[in-house]
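Text of start.cif, listed as mmCIF, C-alpha atoms:
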```
data_model
#
loop_
_atom_site.label_atom_id
_atom_site.label_comp_id
_atom_site.auth_asym_id
_atom_site.auth_seq_id
_atom_site.Cartn_x
_atom_site.Cartn_y
_atom_site.Cartn_z
CA MET A 1430 3.69 -63.97 38.78
CA THR A 1431 2.49 -63.65 42.34
CA THR A 1432 -1.26 -63.33 42.84
CA PRO A 1433 -2.14 -59.91 44.35
CA PRO A 1434 -3.65 -60.00 47.84
CA ARG A 1435 -7.42 -60.07 48.22
CA TRP A 1436 -9.40 -57.81 50.49
CA ASN A 1437 -11.23 -59.82 53.09
CA GLY A 1438 -12.10 -57.08 55.45
CA ARG A 1439 -8.85 -57.36 57.44
CA PHE A 1440 -5.44 -55.89 56.81
CA ASP A 1441 -2.79 -58.64 56.21
CA PRO A 1442 0.76 -57.23 56.50
CA ALA A 1443 2.28 -60.35 54.96
CA SER A 1444 0.15 -60.22 51.87
CA SER A 1445 0.85 -56.48 51.54
CA ASP A 1446 4.59 -57.11 51.64
CA ARG A 1447 4.29 -59.80 49.02
CA GLY A 1448 2.37 -57.42 46.75
CA LEU A 1449 4.92 -54.62 47.14
CA GLY A 1450 7.76 -57.03 46.40
CA ALA A 1451 6.04 -58.17 43.24
CA LEU A 1452 5.51 -54.57 42.04
CA SER A 1453 9.16 -53.77 42.70
CA GLU A 1454 10.19 -56.48 40.23
CA VAL A 1455 8.30 -54.78 37.37
CA ARG A 1456 10.71 -52.75 35.19
CA VAL A 1457 9.66 -49.30 34.14
CA PRO A 1458 11.13 -48.28 30.76
CA VAL A 1459 13.29 -45.18 31.02
CA SER A 1460 13.42 -42.82 28.07
CA ARG A 1461 16.77 -41.64 26.86
CA ARG A 1462 15.40 -38.19 26.03
CA PRO A 1463 14.98 -35.84 29.00
CA ASP A 1464 11.95 -34.12 27.52
CA GLU A 1465 10.12 -37.45 27.01
CA ALA A 1466 10.94 -38.55 30.55
CA SER A 1467 9.69 -35.28 31.96
CA ALA A 1468 6.54 -35.57 29.87
CA ARG A 1469 5.83 -39.08 31.21
CA THR A 1470 6.85 -38.56 34.79
CA GLY A 1471 5.66 -34.97 35.10
CA ALA A 1472 9.10 -33.70 36.09
CA GLY A 1473 10.20 -30.17 35.34
CA ARG A 1474 7.85 -27.39 34.41
CA GLY A 1475 4.18 -28.23 34.56
CA GLN A 1476 4.44 -31.35 36.76
CA GLY A 1477 1.40 -33.55 36.85
CA LYS A 1478 0.26 -32.43 33.35
CA GLY A 1479 1.04 -33.97 30.00
CA ARG A 1480 2.70 -31.77 27.40
CA ARG A 1481 0.22 -30.07 25.08
CA GLY A 1482 1.74 -28.98 21.79
CA PRO A 1483 5.37 -28.35 20.84
CA ALA A 1484 7.89 -27.12 23.37
CA ASP A 1485 8.94 -24.30 21.00
CA PRO A 1486 5.90 -23.15 18.98
CA VAL A 1487 7.84 -20.29 17.38
CA ARG A 1488 10.21 -22.69 15.60
CA ALA A 1489 7.60 -23.59 12.96
CA LEU A 1490 6.97 -19.90 12.32
CA MET A 1491 10.72 -19.35 11.90
CA HIS A 1492 10.85 -22.00 9.19
CA HIS A 1493 7.79 -20.65 7.34
CA HIS A 1494 9.05 -17.06 7.30
CA HIS A 1495 12.80 -17.61 7.32
CA ASP A 1496 13.45 -15.48 4.22
CA LEU A 1497 11.42 -12.57 5.57
CA CYS A 1498 13.19 -12.69 8.93
CA ALA A 1499 16.65 -13.07 7.38
CA ARG A 1500 16.21 -10.05 5.05
CA ALA A 1501 14.58 -7.75 7.61
CA VAL A 1502 16.63 -4.84 8.88
CA ASP A 1503 14.49 -4.34 11.98
CA PRO A 1504 11.62 -6.09 13.79
CA LEU A 1505 9.11 -3.68 12.27
CA GLU A 1506 9.53 -5.24 8.83
CA ILE A 1507 8.92 -8.70 10.28
CA ALA A 1508 5.79 -7.49 12.07
CA ALA A 1509 4.47 -5.93 8.86
CA GLY A 1510 5.24 -9.08 6.89
CA LEU A 1511 3.49 -11.30 9.44
CA GLU A 1512 0.45 -9.05 9.32
CA ALA A 1513 0.46 -9.29 5.52
CA HIS A 1514 0.30 -13.09 5.90
CA GLY A 1515 -2.73 -12.82 8.19
CA VAL A 1516 -1.02 -13.09 11.59
CA THR A 1517 -2.97 -11.04 14.14
CA ASP A 1518 -2.55 -10.37 17.83
CA ARG A 1519 -4.86 -13.29 18.57
CA THR A 1520 -2.63 -15.56 16.49
CA ALA A 1521 0.43 -14.25 18.31
CA ALA A 1522 -1.19 -15.23 21.61
CA ARG A 1523 -1.11 -18.85 20.49
CA PHE A 1524 2.64 -18.46 20.11
CA ARG A 1525 2.83 -17.23 23.75
CA HIS A 1526 3.25 -13.56 22.83
CA ARG A 1527 1.05 -10.61 23.73
CA ASP A 1528 1.02 -9.14 20.17
CA VAL A 1529 2.57 -9.38 16.72
CA PHE A 1530 5.29 -6.86 17.55
CA SER A 1531 6.56 -8.95 20.46
CA LEU A 1532 6.54 -12.04 18.25
CA ALA A 1533 8.46 -10.16 15.55
CA GLU A 1534 11.09 -9.10 18.07
CA GLU A 1535 11.73 -12.73 19.03
CA LEU A 1536 11.94 -13.81 15.39
CA TYR A 1537 14.34 -10.98 14.64
CA ALA A 1538 16.53 -11.99 17.58
CA ARG A 1539 16.57 -15.71 16.78
CA VAL A 1540 16.91 -15.75 12.97
CA PRO A 1541 20.42 -14.81 11.79
CA ARG A 1542 20.69 -12.08 9.22
CA ALA A 1543 21.27 -13.23 5.66
CA GLU A 1544 23.46 -10.23 4.96
CA GLU A 1545 24.41 -7.62 7.49
CA PRO A 1546 23.64 -4.14 6.17
CA ALA A 1547 26.58 -1.85 5.68
CA LEU A 1548 27.07 0.92 8.17
CA PRO A 1549 25.74 4.23 6.87
CA ALA A 1550 28.27 6.81 5.93
CA ALA A 1551 28.79 9.72 8.26
CA PRO A 1552 26.51 12.58 7.18
CA VAL A 1553 28.21 15.62 5.79
CA PRO A 1554 27.34 18.74 7.82
CA GLY A 1555 24.90 20.94 5.93
CA ARG A 1556 24.26 18.37 3.18
CA ALA A 1557 20.89 17.09 4.40
CA PRO A 1558 19.13 20.50 4.31
CA ALA A 1559 20.57 21.12 0.85
CA ALA A 1560 19.30 17.75 -0.36
CA ARG A 1561 15.85 18.48 1.03
CA MET A 1562 15.79 21.86 -0.68
CA ALA A 1563 16.84 20.31 -3.98
CA LEU A 1564 14.13 17.67 -3.70
CA GLY A 1565 11.52 20.33 -2.90
CA ALA A 1566 12.63 22.36 -5.92
CA LEU A 1567 12.28 19.25 -8.06
CA TRP A 1568 8.67 18.85 -6.94
CA LEU A 1569 7.92 22.44 -7.98
CA LEU A 1570 9.66 22.13 -11.34
CA PRO A 1571 6.86 20.47 -13.40
CA GLY A 1572 4.25 23.02 -12.38
CA THR A 1573 6.59 25.95 -12.96
CA LEU A 1574 7.66 24.75 -16.40
CA CYS A 1575 4.11 23.94 -17.48
CA ALA A 1576 2.69 27.27 -16.32
CA ALA A 1577 5.50 29.24 -17.98
CA THR A 1578 5.12 27.25 -21.22
CA ALA A 1579 1.35 27.71 -21.36
CA SER A 1580 1.55 31.44 -20.72
CA ALA A 1581 4.32 31.96 -23.26
CA ALA A 1582 2.77 29.83 -26.01
CA LEU A 1583 -0.68 31.41 -25.81
CA ARG A 1584 0.68 34.95 -25.57
CA VAL A 1585 2.95 34.42 -28.55
CA ASP A 1586 -0.02 33.19 -30.59
CA ALA A 1587 -2.05 36.23 -29.57
CA ILE A 1588 0.71 38.72 -30.35
CA ARG A 1589 2.19 37.33 -33.57
CA LYS A 1590 -1.01 35.78 -34.97
CA ASP A 1591 1.10 32.79 -35.96
CA ALA A 1592 0.44 29.35 -34.52
CA THR A 1593 3.77 27.91 -35.68
CA VAL A 1594 5.89 29.73 -33.10
CA GLY A 1595 3.39 28.97 -30.37
CA LEU A 1596 3.42 25.27 -31.26
CA ALA A 1597 7.23 25.21 -31.16
CA VAL A 1598 7.30 26.88 -27.75
CA GLY A 1599 4.59 24.56 -26.47
CA ALA A 1600 6.35 21.44 -27.75
CA GLY A 1601 9.65 22.41 -26.15
CA GLY A 1602 8.02 23.29 -22.85
CA ALA A 1603 5.97 20.08 -22.87
CA ALA A 1604 9.15 18.04 -23.36
CA LEU A 1605 10.86 19.78 -20.44
CA THR A 1606 7.76 19.34 -18.26
CA ALA A 1607 7.59 15.62 -19.10
CA LEU A 1608 11.28 15.25 -18.18
CA ALA A 1609 10.75 17.01 -14.85
CA LEU A 1610 7.71 14.84 -14.13
CA TRP A 1611 9.73 11.70 -14.91
CA LEU A 1612 12.41 12.80 -12.44
CA CYS A 1613 9.77 13.37 -9.76
CA LEU A 1614 8.35 9.88 -10.29
CA ARG A 1615 11.80 8.25 -10.25
CA ARG A 1616 13.06 9.99 -7.10
CA GLY A 1617 11.53 10.79 -3.77
CA PRO A 1618 8.25 9.71 -2.17
CA LEU A 1619 6.43 9.11 -5.49
CA ARG A 1620 8.82 6.39 -6.63
CA VAL A 1621 7.40 2.87 -6.96
CA HIS A 1622 9.92 0.28 -5.77
CA GLY A 1623 10.18 -3.12 -7.40
CA SER A 1624 7.67 -2.57 -10.21
CA GLY A 1625 8.30 -4.73 -13.26
CA ARG A 1626 8.46 -3.56 -16.83
CA GLY A 1627 4.97 -4.83 -17.58
CA GLY A 1628 3.47 -2.96 -14.64
CA ARG A 1629 5.21 0.26 -15.65
CA ILE A 1630 3.98 -0.05 -19.23
CA VAL A 1631 0.38 -0.63 -18.13
CA TYR A 1632 0.52 2.29 -15.70
CA VAL A 1633 1.99 4.60 -18.37
CA LEU A 1634 -0.70 3.57 -20.86
CA GLY A 1635 -3.48 4.18 -18.34
CA ALA A 1636 -2.14 7.53 -17.21
CA GLY A 1637 -1.42 8.51 -20.82
CA TRP A 1638 -5.00 7.74 -21.83
CA LEU A 1639 -6.38 9.83 -18.95
CA LEU A 1640 -4.09 12.75 -19.74
CA GLY A 1641 -4.85 12.51 -23.46
CA TYR A 1642 -8.58 12.54 -22.80
CA ALA A 1643 -8.13 15.60 -20.58
CA ALA A 1644 -6.48 17.32 -23.56
CA VAL A 1645 -8.76 16.33 -26.48
CA GLY A 1646 -11.49 14.07 -25.06
CA ASP A 1647 -14.20 16.70 -24.69
CA TRP A 1648 -13.50 18.03 -28.19
CA LEU A 1649 -13.75 14.52 -29.68
CA LEU A 1650 -16.96 13.73 -27.80
CA THR A 1651 -18.55 17.01 -28.87
CA GLY A 1652 -17.63 16.33 -32.48
CA LEU A 1653 -19.14 12.85 -32.36
CA LEU A 1654 -22.39 14.10 -30.83
CA ASP A 1655 -22.95 17.47 -32.53
CA GLY A 1656 -20.58 17.55 -35.48
CA ARG A 1657 -17.24 19.26 -35.99
CA ARG A 1658 -16.33 22.18 -33.75
CA PRO A 1659 -13.13 24.27 -33.50
CA TYR A 1660 -10.64 23.10 -30.93
CA GLU A 1661 -10.16 25.42 -27.93
CA ALA A 1662 -6.69 25.25 -26.44
CA ALA A 1663 -7.39 27.25 -23.27
CA PRO A 1664 -9.41 24.59 -21.33
CA ALA A 1665 -6.91 21.82 -22.15
CA THR A 1666 -3.98 24.07 -21.25
CA GLN A 1667 -5.60 25.01 -17.96
CA ALA A 1668 -6.10 21.32 -17.17
CA ALA A 1669 -2.45 20.58 -17.99
CA VAL A 1670 -1.25 23.40 -15.74
CA LEU A 1671 -3.41 22.24 -12.83
CA LEU A 1672 -2.16 18.65 -13.22
CA ALA A 1673 1.45 19.81 -13.26
CA LEU A 1674 0.98 22.09 -10.26
CA ALA A 1675 -0.57 19.20 -8.32
CA VAL A 1676 2.73 17.25 -8.40
CA ALA A 1677 4.22 19.30 -5.56
CA PRO A 1678 1.38 18.81 -3.02
CA ALA A 1679 1.10 15.14 -4.04
CA ALA A 1680 4.80 14.53 -3.32
CA TRP A 1681 4.68 16.45 -0.04
CA CYS A 1682 1.56 14.61 1.15
CA ALA A 1683 3.04 11.23 0.22
CA HIS A 1684 6.28 12.04 2.05
CA TRP A 1685 4.48 13.32 5.13
CA PHE A 1686 2.17 10.32 5.32
CA ALA A 1687 4.97 7.78 4.89
CA ALA A 1688 7.14 9.45 7.54
CA ARG A 1689 4.35 9.77 10.12
CA ALA A 1690 3.11 6.23 9.51
CA ARG A 1691 6.62 4.84 9.92
CA ARG A 1692 7.01 6.76 13.16
CA ARG A 1693 3.66 5.45 14.37
CA LEU A 1694 4.77 1.92 13.52
CA ALA A 1695 7.85 2.31 15.69
CA VAL A 1696 5.89 3.25 18.81
CA SER A 1697 2.79 1.05 18.39
CA ARG A 1698 2.47 -2.16 20.37
CA GLY A 1699 -0.42 -3.71 18.48
CA LEU A 1700 -2.01 -3.83 15.05
CA GLU A 1701 -5.25 -2.22 16.19
CA GLU A 1702 -3.34 0.53 17.95
CA PHE A 1703 -1.35 1.23 14.80
CA ALA A 1704 -4.44 1.27 12.57
CA ALA A 1705 -6.28 3.59 14.95
CA GLY A 1706 -3.34 6.00 14.85
CA VAL A 1707 -2.87 5.96 11.06
CA ARG A 1708 -6.51 6.46 10.05
CA PRO A 1709 -6.53 10.16 11.10
CA LEU A 1710 -3.20 10.64 9.30
CA PHE A 1711 -4.57 9.26 6.04
CA ALA A 1712 -7.77 11.29 6.31
CA GLY A 1713 -5.69 14.41 6.96
CA VAL A 1714 -3.44 13.73 3.95
CA VAL A 1715 -6.39 13.34 1.58
CA THR A 1716 -8.02 16.49 2.97
CA ALA A 1717 -4.79 18.46 2.64
CA PHE A 1718 -4.36 17.38 -0.99
CA LEU A 1719 -7.92 18.37 -1.89
CA CYS A 1720 -7.46 21.76 -0.20
CA ALA A 1721 -4.24 22.26 -2.17
CA LEU A 1722 -6.10 21.51 -5.40
CA ALA A 1723 -8.77 24.04 -4.48
CA ALA A 1724 -6.05 26.66 -3.99
CA LEU A 1725 -4.20 25.74 -7.21
CA ALA A 1726 -7.27 25.98 -9.47
CA PRO A 1727 -7.32 29.84 -9.39
CA ALA A 1728 -3.54 29.82 -9.95
CA ALA A 1729 -4.05 27.77 -13.10
CA ARG A 1730 -6.62 30.31 -14.31
CA LEU A 1731 -4.16 33.14 -13.79
CA ALA A 1732 -1.39 31.31 -15.64
CA VAL A 1733 -3.44 30.59 -18.78
CA PRO A 1734 -4.59 33.58 -20.86
CA GLY A 1735 -8.21 33.36 -21.92
CA SER A 1736 -9.35 31.44 -18.83
CA PRO A 1737 -12.44 32.51 -16.86
CA PRO A 1738 -11.93 35.12 -14.12
CA VAL A 1739 -10.76 33.93 -10.73
CA ALA A 1740 -14.03 34.93 -9.05
CA THR A 1741 -16.06 32.70 -11.39
CA PRO A 1742 -17.44 29.54 -9.71
CA PRO A 1743 -15.69 26.29 -10.64
CA SER A 1744 -16.89 24.71 -13.86
CA MET A 1745 -17.58 21.06 -14.63
CA ALA A 1746 -14.32 20.90 -16.60
CA GLU A 1747 -12.35 21.97 -13.52
CA ALA A 1748 -14.24 19.44 -11.42
CA ALA A 1749 -13.19 16.75 -13.91
CA VAL A 1750 -9.54 17.81 -13.64
CA VAL A 1751 -9.73 17.79 -9.83
CA ALA A 1752 -11.23 14.28 -9.93
CA LEU A 1753 -8.42 13.19 -12.26
CA CYS A 1754 -5.80 14.63 -9.91
CA GLY A 1755 -7.34 12.80 -6.96
CA LEU A 1756 -7.46 9.53 -8.90
CA LEU A 1757 -3.81 9.76 -9.97
CA PHE A 1758 -2.71 10.71 -6.45
CA LEU A 1759 -4.50 7.80 -4.77
CA ALA A 1760 -3.33 5.36 -7.45
CA ARG A 1761 0.27 6.48 -7.04
CA LEU A 1762 0.06 6.36 -3.25
CA LEU A 1763 -1.24 2.80 -3.38
CA ALA A 1764 1.44 1.77 -5.87
CA VAL A 1765 4.20 3.29 -3.73
CA HIS A 1766 3.09 1.21 -0.75
CA GLY A 1767 2.89 -2.02 -2.72
CA PHE A 1768 -0.76 -2.14 -3.86
CA ARG A 1769 0.00 -1.83 -7.56
CA ARG A 1770 -2.85 -4.07 -8.73
CA ALA A 1771 -5.47 -1.89 -7.04
CA ALA A 1772 -3.90 1.24 -8.55
CA LEU A 1773 -4.00 -0.25 -12.04
CA MET A 1774 -7.60 -1.38 -11.61
CA GLY A 1775 -8.68 2.12 -10.54
CA THR A 1776 -7.07 3.83 -13.51
CA ALA A 1777 -8.34 1.13 -15.86
CA ALA A 1778 -11.91 1.65 -14.64
CA ALA A 1779 -11.74 5.38 -15.40
CA CYS A 1780 -10.24 4.69 -18.82
CA ALA A 1781 -13.02 2.20 -19.54
CA VAL A 1782 -15.74 4.74 -18.73
CA GLN A 1783 -14.24 7.31 -21.09
CA ALA A 1784 -13.62 4.74 -23.84
CA VAL A 1785 -17.19 3.44 -23.60
CA ALA A 1786 -18.55 6.98 -23.86
CA LEU A 1787 -16.55 7.67 -27.02
CA ALA A 1788 -17.41 4.26 -28.49
CA THR A 1789 -21.16 4.61 -27.92
CA ALA A 1790 -21.14 8.15 -29.30
CA ALA A 1791 -19.34 6.92 -32.41
CA ALA A 1792 -21.62 3.89 -32.77
CA ALA A 1793 -24.70 6.12 -32.53
CA ARG A 1794 -23.77 7.69 -35.88
CA LEU A 1795 -24.31 4.37 -37.63
CA PRO A 1796 -27.72 3.74 -39.26
CA GLY A 1797 -30.21 2.36 -36.76
CA ALA A 1798 -27.83 2.61 -33.79
CA ALA A 1799 -28.93 6.00 -32.44
CA PRO A 1800 -30.27 4.55 -29.13
CA LEU A 1801 -26.72 3.49 -28.18
CA GLY A 1802 -25.62 7.08 -27.74
CA ALA A 1803 -28.78 8.28 -25.99
CA PRO A 1804 -27.45 8.01 -22.38
CA VAL A 1805 -24.25 9.90 -23.22
CA ALA A 1806 -26.19 12.50 -25.19
CA ARG A 1807 -28.63 13.14 -22.33
CA LEU A 1808 -25.82 13.44 -19.77
CA THR A 1809 -23.75 15.82 -21.87
CA ALA A 1810 -26.83 17.90 -22.73
CA ALA A 1811 -27.59 18.38 -19.05
CA GLN A 1812 -24.08 18.75 -17.57
CA GLY A 1813 -21.73 19.24 -20.53
CA THR A 1814 -19.16 16.95 -22.08
CA ALA A 1815 -16.90 17.29 -19.03
CA ALA A 1816 -19.46 15.29 -17.01
CA ILE A 1817 -18.12 12.04 -18.56
CA PRO A 1818 -14.53 12.34 -17.22
CA ALA A 1819 -15.81 13.86 -13.99
CA ALA A 1820 -18.10 10.88 -13.36
CA GLY A 1821 -15.56 8.26 -14.45
CA CYS A 1822 -12.57 9.67 -12.57
CA GLY A 1823 -14.67 10.63 -9.55
CA ALA A 1824 -16.18 7.16 -9.17
CA ALA A 1825 -12.78 5.47 -9.59
CA ALA A 1826 -11.16 7.86 -7.11
CA LEU A 1827 -13.91 7.19 -4.57
CA ALA A 1828 -13.44 3.43 -4.94
CA LEU A 1829 -9.67 3.77 -4.48
CA LEU A 1830 -10.22 6.01 -1.46
CA ILE A 1831 -12.39 3.39 0.24
CA TYR A 1832 -9.86 0.67 -0.54
CA ALA A 1833 -6.88 2.77 0.54
CA PHE A 1834 -8.54 3.65 3.83
CA GLY A 1835 -8.28 0.00 4.79
CA ALA A 1836 -5.09 -1.00 2.97
CA LEU A 1837 -2.83 1.93 3.86
CA CYS A 1838 -3.80 1.78 7.54
CA ARG A 1839 -2.23 -1.67 7.92
CA ALA A 1840 1.27 -2.20 9.26
CA SER A 1841 2.23 -4.27 6.21
CA ALA A 1842 1.89 -1.17 4.01
CA HIS A 1843 4.70 0.63 5.89
CA GLY A 1844 7.08 -2.16 6.81
CA GLY A 1845 9.70 -1.53 4.11
CA PRO A 1846 10.83 -3.85 1.32
CA GLY A 1847 10.41 -6.96 3.46
CA ALA A 1848 6.70 -6.37 3.92
CA ARG A 1849 6.19 -5.58 0.24
CA THR A 1850 7.91 -8.85 -0.66
CA ALA A 1851 5.75 -10.72 1.84
CA ARG A 1852 2.55 -9.48 0.17
CA THR A 1853 3.61 -10.96 -3.15
CA ALA A 1854 4.72 -14.30 -1.67
CA PRO A 1855 2.21 -17.15 -1.36
CA ALA A 1856 0.55 -17.37 2.03
CA THR A 1857 1.56 -20.25 4.26
CA SER A 1858 0.09 -21.72 7.39
CA THR A 1859 1.41 -19.98 10.45
CA ALA A 1860 -0.52 -21.67 13.24
CA PRO A 1861 1.02 -24.53 15.19
CA ASN A 1862 -0.49 -28.01 15.07
CA ARG A 1863 -1.79 -27.69 18.60
CA ALA A 1864 -2.42 -24.80 20.90
CA PRO A 1865 0.44 -24.44 23.40
#
```

Entire entry expressed as structure tokens:
Amino acid sequence: MTTPPRWNGRFDPASSDRGLGALSEVRVPVSRRPDEASARTGAGRGQGKGRRGPADPVRALMHHHHDLCARAVDPLEIAAGLEAHGVTDRTAARFRHRDVFSLAEELYARVPRAEEPALPAAPVPGRAPAARMALGALWLLPGTLCAATASAALRVDAIRKDATVGLAVGAGGAALTALALWLCLRRGPLRVHGSGRGGRIVYVLGAGWLLGYAAVGDWLLTGLLDGRRPYEAAPATQAAVLLALAVAPAAWCAHWFAARARRRLAVSRGLEEFAAGVRPLFAGVVTAFLCALAALAPAARLAVPGSPPVATPPSMAEAAVVALCGLLFLARLLAVHGFRRAALMGTAAACAVQAVALATAAAARLPGAAPLGAPVARLTAAQGTAAIPAAGCGAAALALLIYAFGALCRASAHGGPGARTARTAPATSTAPNRAP
């Protein structure tokens, strides 16, 4: 190999030519791949800079969330699913997108659909308003049946002085009310999609315990603390009527919130923008439901003979029923939007408070175990036996309200079935190996 020229203070053209000729004989390996050649030579986009990260950073995200993208019917479901996996607008910036919605649009355009949805049938003129009216009548059916049954059963007992006929009327009306309530929970905005048999059984057991305690819990607790007392049917009947009447505002509020949140999701261009727009909607829905309960409480008094006058201030028993209605509404709203575990935990906490109160009151009757029932005895002596369900259901409802204020204001709670499936799937890494 020729020795390179030395610098001796003077420029030697001959030595320079010999050096250039020697450099021209050195072979430079040429890559067969255009992207490698451009990365080494600096050709193409970004000349003079080495490539940093993959050329297509979205490809890894497509592989991680292929099932979600293939099942989605619109980009909104993909955006909600990505947000459920922890992808934020800052993460989307690393994929060269301004926000999660823009990233979801690219994923929706690039991933082929697993199964193209069938075209919807042409709507029949005049059928949609009739369907809405039928659904609204279904929401009113449990309250109407329960109020009519309670009024008829108690009036028959008062007129005929025979409890057998009243019990028969009450049993038949209760069966019809339960059937109407089941239809409301299986159709419309209160339906829980994709819940397994185990989840349904646990929810039914929790709700059944709460409803059973509302019917006979105060009577049992009073008997354990002070001895046997006659059972009064009017307070339990009034609680049942108020619970049945609350189905209609609960269904309307759930439908209104879901529709407005879905519309907000369609026009939002960022997760923070969507959350900021949904928070007032959720606060308004909760306020509207509580106002409806305040208006329905006097109606329940009018429907049940023997109830206190309408002008009488609300009692602790009515406060307990209102707290129970709020707990069941928030639990159902969370379950509808995919947060079934939180709904079950809220109802289970209220059931635990009531069960512990009954258990300690029963244990206090044992020899030497009187101090166990002292807290329950002091609370009931000061506020009445209804203070136990009011405290338990109120605390559980408050906890669910705080949780729902954060959970239901996320895009993943309103993204359709794809987002609900994404919340149950294991989380995967969505960030590329290197920043683009």

Between region 1657-1752 of chain A and region 1575-1579 of chain A, at 12 Å or less, what are the per-residue closest atom pairs and their distances in Å? Count only C-alpha atoms, order by chain and rising residue number, and return it as a tab-separated table.
```
residue	atom	partner	partner_atom	distance
A:Ala1662	CA	A:Ala1579	CA	9.8
A:Ala1663	CA	A:Ala1579	CA	9.0
A:Pro1664	CA	A:Ala1579	CA	11.2
A:Ala1665	CA	A:Ala1579	CA	10.2
A:Thr1666	CA	A:Ala1579	CA	6.5
A:Gln1667	CA	A:Ala1579	CA	8.2
A:Ala1668	CA	A:Cys1575	CA	10.5
A:Ala1669	CA	A:Cys1575	CA	7.4
A:Val1670	CA	A:Ala1576	CA	5.6
A:Leu1671	CA	A:Ala1576	CA	8.6
A:Leu1672	CA	A:Cys1575	CA	9.2
A:Ala1673	CA	A:Cys1575	CA	6.5
A:Leu1674	CA	A:Cys1575	CA	8.1
A:Ala1675	CA	A:Cys1575	CA	11.3
A:Val1676	CA	A:Cys1575	CA	11.4
A:Leu1725	CA	A:Ala1576	CA	11.5
A:Ala1728	CA	A:Ala1576	CA	9.3
A:Ala1729	CA	A:Ala1576	CA	7.5
A:Arg1730	CA	A:Ala1576	CA	10.0
A:Leu1731	CA	A:Ala1576	CA	9.4
A:Ala1732	CA	A:Ala1576	CA	5.8
A:Val1733	CA	A:Ala1579	CA	6.2
A:Pro1734	CA	A:Ala1579	CA	8.4
A:Gly1735	CA	A:Ala1579	CA	11.1
A:Ser1736	CA	A:Ala1579	CA	11.6
```

Restrict the selected residues to C-alpha atoms and save them as a tab-separated table (two decimals), in the coordinates of the input.
```
chain	number	residue	atom	x	y	z
A	1662	ALA	CA	-6.69	25.25	-26.44
A	1663	ALA	CA	-7.39	27.25	-23.27
A	1664	PRO	CA	-9.41	24.59	-21.33
A	1665	ALA	CA	-6.91	21.82	-22.15
A	1666	THR	CA	-3.98	24.07	-21.25
A	1667	GLN	CA	-5.60	25.01	-17.96
A	1668	ALA	CA	-6.10	21.32	-17.17
A	1669	ALA	CA	-2.45	20.58	-17.99
A	1670	VAL	CA	-1.25	23.40	-15.74
A	1671	LEU	CA	-3.41	22.24	-12.83
A	1672	LEU	CA	-2.16	18.65	-13.22
A	1673	ALA	CA	1.45	19.81	-13.26
A	1674	LEU	CA	0.98	22.09	-10.26
A	1675	ALA	CA	-0.57	19.20	-8.32
A	1676	VAL	CA	2.73	17.25	-8.40
A	1725	LEU	CA	-4.20	25.74	-7.21
A	1728	ALA	CA	-3.54	29.82	-9.95
A	1729	ALA	CA	-4.05	27.77	-13.10
A	1730	ARG	CA	-6.62	30.31	-14.31
A	1731	LEU	CA	-4.16	33.14	-13.79
A	1732	ALA	CA	-1.39	31.31	-15.64
A	1733	VAL	CA	-3.44	30.59	-18.78
A	1734	PRO	CA	-4.59	33.58	-20.86
A	1735	GLY	CA	-8.21	33.36	-21.92
A	1736	SER	CA	-9.35	31.44	-18.83
```

Residues within 12 Å of (12.0, -16.3, 20.5), counting all atoms listed in the file, listed as a list in words: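 Those residues lying close to the given coordinates are Ala1484, Asp1485, Pro1486, Val1487, Arg1488, Ala1489, Leu1490, Met1491, Ala1521, Phe1524, Arg1525, His1526, Phe1530, Ser1531, Leu1532, Ala1533, Glu1534, Glu1535, Leu1536, Tyr1537, Ala1538, Arg1539 and Val1540 of chain A.
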
For Ala1825 (chain A), the closest of A:Pro1737, A:Gly1656, A:Gly1755, A:Pro1796 counting only C-alpha atoms is A:Gly1755

If we count all atoms listed in the file and set the cut-off at 7 Å, which residues sit around region 1782-1784 of chain A, ignoring sequence neighbours fewer than 5 positions away in its own chain? Please answer as a list in words. Ile1817, Pro1818 and Gly1821 of chain A

Tell me, as an NGL selection string, which residues lie within 12 Å of region 1776-1781 of chain A, counting only C-alpha atoms; anything in the same chain fewer than 3 positions away does not count. :A and (1631-1643 or 1646 or 1749 or 1752-1761 or 1763-1764 or 1769-1773 or 1784-1789 or 1817-1829)
